[in-house]
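Note sheet for the following structure.
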2 protein chains.
Amino acid sequence: MSLSEKVLKGDIRSAARLMRDIDDARPSAIDDLKKLYARTGNAYLIGITGPPGAGKSTLVDQLTASFRSRGKKVGVVAIDPTSPFTGGAILGDRIRMNRHATDDGVFIRSLATRGALGGISRSTSDVALVMDALGMDVVIIETVGVGQDEVDIVKAAHTTCVVMVPGLGDDIQAIKAGILEIGDVFVVNKADREGADRTARELSNMLDMRPVLEGGWKPQVLKTEAQRSAGIDELVGEMLAHRDFLFCSGRISNFLRERNKRHFIDILRDSLYKQAMEYIERNGTLDKVLDDIASAAIDPYSAVEDVVAGMLKRG
Amino acid sequence: MSLSEKVLKGDIRSAARLMRDIDDARPSAIDDLKKLYARTGNAYLIGITGPPGAGKSTLVDQLTASFRSRGKKVGVVAIDPTSPFTGGAILGDRIRMNRHATDDGVFIRSLATRGALGGISRSTSDVALVMDALGMDVVIIETVGVGQDEVDIVKAAHTTCVVMVPGLGDDIQAIKAGILEIGDVFVVNKADREGADRTARELSNMLDMRPVLEGGWKPQVLKTEAQRSAGIDELVGEMLAHRDFLFCSGRISNFLRERNKRHFIDILRDSLYKQAMEYIERNGTLDKVLDDIASAAIDPYSAVEDVVAGMLKRG
């Protein structure tokens with residue numbers, strides 16, 4: 001039986017191996033994904049984002065427990081910051097959610113953010129596809145941070161939950177404005193802290209200024225204390241309400257087309273980048289280019305034009 | 001006189017226009033950059049990074065004042081988080097460093113992080129080149145956040161300064177580990193806050209575990225209170241010590257080669273991406289691909305292979 005067939009039969013070890021192959025950018029991973037693709041699209045994808053220190057991991061842990069109690073299988077893709085030095089993920093699977101470690105209905109996978117190859121949003125989508133094919137009913141994608149990468153990653157989710165926390169400091173207005181527009185549900189976590197009501201009110205006020213299209217979704221601001229699992233059921237209820245909205249309003253088809261477009265372009269970009277790296281590392285092209293730039297024989301912009309003309313069918 | 005000639009003569013308005021052209025990805029910008037390139041390489045580039053709330057903007061403001069008092073012209077490239085909704089930068093130039101607004105020796109430019117086109121590290125490098133060509137002695141690159149994007153951006157700087165702050169919360173260990181390896185100088189800002197000594201000590205301990213190559217640079221941890229400009233001169237001194245180390249140890253040539261390599265690959269990747277977007281938008285290729293994916297006639301991985309085969313001289 002092929003790896004993809006085993007994944008479709010629900011074999012967790014095969015899924016883990018395929019995810020490793022995706023991480024390592026093995027050509028065989030593409031073949032497996034091709035075979036899986038037609039059998040995906042059943043999982044409900046939830047994106048969780050927000051600044052460091054907002055308690056996202058604890059919240060994801062609680063959401064996992066809540067979906068499990070509803071009989072759902074839950075996959076978690078946690079995007080971990082990468083050590084630029086070792087290339088490895090910093091947090092790792094092992095310190096995450098120990099209490100679900102022996103539960104076959106929970107599959108947790110950390111993805112390291114490897115800048116060089118770009119493509120973190122692409123690997124996230126691919127790993128979520130594998131979890132989908134494996135039979136996970138819910139796939140939670142958790143990002144660390146609030147940059148453009150994170151925005152790109154959570155766009156793959158049906159429902160995006162933005163997690164805030166009281167009193168994060170100076171840059172918070174900027175952060176709020178940056179992620180305000182991508183959230184379908186907003187959470188003020190650590191709601192027992194001073195200033196929680198004010199943060200929730202500020203968020204609501206800012207959301208009131210966000211334009212809502214006719215018949216569109218209006219995001220709510222909820223309060224949670226993930227540590228003692230307060231507010232979790234309300235949060236799950238709001239997420240499911242958003243999912244129902246997507247399907248009942250018919251917006252799901254447009255959402256899926258946009259998601260497919262981004263995924264297709266991500267794969268295309270990665271593929272061209274890979275081809276380009278192979279091209280410039282062939283015959284010492286890169287070394288020669290760097291020598292020429294160092295000696296001011298050429299500027300990098302002209303050097304790129306030469307390489308692109310050499311690669312493409314027409315200039 | 002061409003735009004690039006005017007920039008080389010120190011014309012600020014021409015520099016601002018060229019930066020706009022770079023932002024808008026105008027083809028003419030590439031021509032101007034080609035002409036400028038040979039005349040760059042004089043500026044000292046400083047990268048400032050660290051988590052939101054660390055007071056980086058205030059620190060940059062103080063560093064600017066300090067270099068100005070030494071008679072140096074200072075350029076500042078501030079990477080602002082972009083609103084995914086409006087596409088515009090959130091903080092903007094206007095709220096930054098008002099006190100330098102009337103100083104001709106200071107040139108401030110905010111760059112929006114536009115995820116879709118990637119290339120934020122590329123635009124940052126290009127904008128820093130323009131400031132260099134304009135005659136700025138020091139160019140400070142300030143990022144918001146601590147993700148892989150930020151790491152890539154500050155790699156262009158001769159000296160990278162990582163700014164931390166006491167008591168940032170749960171994820172701080174992860175952040176520290178992630179940016180520990182890219183810093184040449186470490187700063188605990190807001191050093192009047194409780195826990196500053198502990199944060200500095202923790203940082204020092206973690207840095208002690210970082211391997212130092214024979215004859216390598218050993219980063220120090222300094223304390224600042226940017227608000228009342230305490231510790232700024234010491235910080236500038238440490239930065240200049242690192243710059244001297246780069247040049248005197250001979251490491252500068254290797255540094256420049258690595259930087260040129262990243263810049264070249266960034267430009268190459270952006271160029272291929274642009275070509276790919278033009279290719280798939282020609283003759284309705286993208287729409288057809290999305291129709292085929294939606295109807296399950298093809299998977300996105302196979303669709304990309306078809307497009308790449310169509311674009312490249314050999315599959």
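The chains in the structure tokens are called A, B, ... from first to last as shown; in each chain the residues are counted from 1, and the ligands are counted from 1 in the order shown.
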
- Query: Tell me, which residues of region 7-240 of chain B carry DSSP alpha helix (DSSP H), written as an NGL selection string?
  - Reply: :B and (7-8 or 12-23 or 27-37 or 56-69 or 120-134 or 148-154 or 172-180 or 196-208 or 232-240)

- Query: Which is closer to chain A than all the others in B:Arg20, B:Arg13, B:Lys288, B:His242, using only C-alpha atoms?
  - Reply: B:Lys288

- Message: Write out as JSON, numbers by chain the set of residues from region 138-296 of chain A that DSSP, computed on the backbone, places in strand (DSSP E or B).
- Response: {"A": [138, 139, 140, 141, 142, 145, 159, 160, 161, 162, 163, 164, 185, 186, 187, 188, 221, 222, 223, 225, 230]}

Go ahead and save the picked residues with C-alpha atoms, as a compact mmCIF listing (two decimals), in the first residue's frame.
# COMPACT_ATOMS: atom_id res chain seq x y z
CA VAL A 138 -11.24 19.94 12.84
CA VAL A 139 -7.79 21.29 12.03
CA ILE A 140 -6.55 24.14 14.20
CA ILE A 141 -3.70 26.23 12.79
CA GLU A 142 -1.89 28.23 15.46
CA GLY A 145 3.21 36.47 16.01
CA THR A 159 -12.67 30.73 10.59
CA THR A 160 -9.94 32.96 11.94
CA CYS A 161 -9.81 33.71 15.64
CA VAL A 162 -7.67 36.65 16.78
CA VAL A 163 -6.51 36.39 20.38
CA MET A 164 -5.65 39.55 22.29
CA VAL A 185 -13.99 35.95 15.97
CA PHE A 186 -12.07 38.02 18.52
CA VAL A 187 -11.02 36.85 21.93
CA VAL A 188 -9.66 38.79 24.87
CA VAL A 221 -15.49 40.05 20.87
CA LEU A 222 -15.55 37.27 23.46
CA LYS A 223 -13.68 36.95 26.73
CA GLU A 225 -9.70 32.58 30.62
CA ALA A 230 -13.81 29.83 31.07

Would you kindly return, as a CSV table (one decimal) with C-alpha atoms, in the first residue's frame, each protein, DNA or RNA residue with an atom no farther than 12 Å from any atom of Gly237 (chain B), considering only C-alpha atoms and excluding same-chain residues fewer than 4 positions away?
chain,number,residue,atom,x,y,z
B,63,LEU,CA,20.2,56.8,18.1
B,66,SER,CA,23.3,60.6,18.8
B,67,PHE,CA,24.6,60.1,15.3
B,70,ARG,CA,28.5,63.3,15.7
B,159,THR,CA,25.4,45.5,13.0
B,185,VAL,CA,24.5,43.9,20.4
B,220,GLN,CA,27.3,42.3,25.1
B,222,LEU,CA,23.5,46.8,27.5
B,231,GLY,CA,22.7,54.4,27.9
B,232,ILE,CA,22.5,55.6,24.3
B,233,ASP,CA,26.1,56.7,23.9
B,241,ALA,CA,33.0,48.6,18.1
B,242,HIS,CA,31.2,45.9,16.2
B,243,ARG,CA,31.6,47.7,12.9
B,244,ASP,CA,35.4,48.1,13.6

- Query: Residues at most 12 Å from region 275-285 of chain A, counting only C-alpha atoms, excluding those fewer than 6 positions away in the same chain, as a ChimeraX atom specification?
  - Reply: /A:116-117,268-269,291-292,303-304,306-312 /B:261-262,264-273,305,308-309,311-315

Atoms to include: C-alpha atoms. Write the selected residues as a PDB file, in the first residue's frame.
ATOM      1  CA  ALA A 116      14.996  30.826   3.370  1.00  0.00           C
ATOM      2  CA  LEU A 117      12.623  28.721   1.339  1.00  0.00           C
ATOM      3  CA  LEU A 268       4.047  27.838  -8.202  1.00  0.00           C
ATOM      4  CA  ARG A 269       6.303  30.337  -6.466  1.00  0.00           C
ATOM      5  CA  ASP A 291      32.424  37.454  -8.204  1.00  0.00           C
ATOM      6  CA  ASP A 292      31.143  39.850 -10.851  1.00  0.00           C
ATOM      7  CA  ALA A 303      22.628  39.763 -13.297  1.00  0.00           C
ATOM      8  CA  VAL A 304      19.089  38.622 -12.446  1.00  0.00           C
ATOM      9  CA  ASP A 306      20.548  37.473 -17.474  1.00  0.00           C
ATOM     10  CA  VAL A 307      19.581  34.478 -15.337  1.00  0.00           C
ATOM     11  CA  VAL A 308      15.857  34.921 -15.974  1.00  0.00           C
ATOM     12  CA  ALA A 309      16.490  35.204 -19.732  1.00  0.00           C
ATOM     13  CA  GLY A 310      18.484  31.967 -19.519  1.00  0.00           C
ATOM     14  CA  MET A 311      15.702  30.143 -17.628  1.00  0.00           C
ATOM     15  CA  LEU A 312      12.507  31.259 -19.320  1.00  0.00           C
TER      16      LEU A 312
ATOM     17  CA  LYS B 261      23.986  36.520  -2.370  1.00  0.00           C
ATOM     18  CA  ARG B 262      20.760  37.067  -0.426  1.00  0.00           C
ATOM     19  CA  PHE B 264      20.618  38.609  -5.669  1.00  0.00           C
ATOM     20  CA  ILE B 265      18.414  35.635  -4.767  1.00  0.00           C
ATOM     21  CA  ASP B 266      15.701  37.986  -3.434  1.00  0.00           C
ATOM     22  CA  ILE B 267      15.654  39.902  -6.713  1.00  0.00           C
ATOM     23  CA  LEU B 268      15.680  36.664  -8.703  1.00  0.00           C
ATOM     24  CA  ARG B 269      12.780  35.237  -6.734  1.00  0.00           C
ATOM     25  CA  ASP B 270      10.729  38.410  -7.062  1.00  0.00           C
ATOM     26  CA  SER B 271      11.453  38.596 -10.764  1.00  0.00           C
ATOM     27  CA  LEU B 272      10.378  35.005 -11.394  1.00  0.00           C
ATOM     28  CA  TYR B 273       7.252  35.519  -9.307  1.00  0.00           C
ATOM     29  CA  GLU B 305       3.939  21.381 -13.074  1.00  0.00           C
ATOM     30  CA  VAL B 308       6.309  25.549 -14.958  1.00  0.00           C
ATOM     31  CA  ALA B 309       6.863  23.324 -18.001  1.00  0.00           C
ATOM     32  CA  MET B 311       7.410  28.782 -18.699  1.00  0.00           C
ATOM     33  CA  LEU B 312      10.851  27.228 -18.466  1.00  0.00           C
ATOM     34  CA  LYS B 313      13.205  26.331 -21.298  1.00  0.00           C
ATOM     35  CA  ARG B 314      13.413  22.807 -19.947  1.00  0.00           C
ATOM     36  CA  GLY B 315      10.800  21.196 -17.723  1.00  0.00           C
TER      37      GLY B 315
END

- Message: So the first atom is CA of Lys6 (chain A) and the second is CA of Met131 (chain A); what is the distance between them in Å, to one decimal place?
- Response: 12.5 Å

Any idea what's packed within 10 Å of Arg17 (chain B), counting only C-alpha atoms, ignoring anything in its chain fewer than 6 positions away? Could you give it as a short mmCIF file (atom, residue, chain, number, x, y, z; two decimals) with all heavy atoms, in the first residue's frame?
data_model
loop_
_atom_site.label_atom_id
_atom_site.label_comp_id
_atom_site.auth_asym_id
_atom_site.auth_seq_id
_atom_site.Cartn_x
_atom_site.Cartn_y
_atom_site.Cartn_z
N LEU B 3 16.74 60.64 -12.79
CA LEU B 3 16.39 60.50 -11.37
C LEU B 3 17.58 59.99 -10.56
O LEU B 3 17.88 60.51 -9.47
CB LEU B 3 15.20 59.54 -11.25
CG LEU B 3 14.43 59.54 -9.93
CD1 LEU B 3 13.84 60.91 -9.64
CD2 LEU B 3 13.32 58.49 -9.97
N VAL B 7 19.57 61.72 -7.38
CA VAL B 7 19.76 61.07 -6.08
C VAL B 7 21.23 61.14 -5.68
O VAL B 7 21.57 61.48 -4.54
CB VAL B 7 19.28 59.60 -6.12
CG1 VAL B 7 19.68 58.87 -4.84
CG2 VAL B 7 17.77 59.53 -6.33
N ASP B 23 8.56 50.87 -4.35
CA ASP B 23 7.36 50.38 -3.69
C ASP B 23 6.32 49.91 -4.69
O ASP B 23 5.66 48.89 -4.50
CB ASP B 23 6.74 51.52 -2.85
CG ASP B 23 6.68 51.16 -1.38
OD1 ASP B 23 7.41 50.24 -0.97
OD2 ASP B 23 5.91 51.80 -0.65
N ALA B 29 12.25 51.80 -11.90
CA ALA B 29 13.01 51.78 -10.65
C ALA B 29 14.23 50.88 -10.78
O ALA B 29 15.31 51.19 -10.25
CB ALA B 29 12.12 51.31 -9.50
#
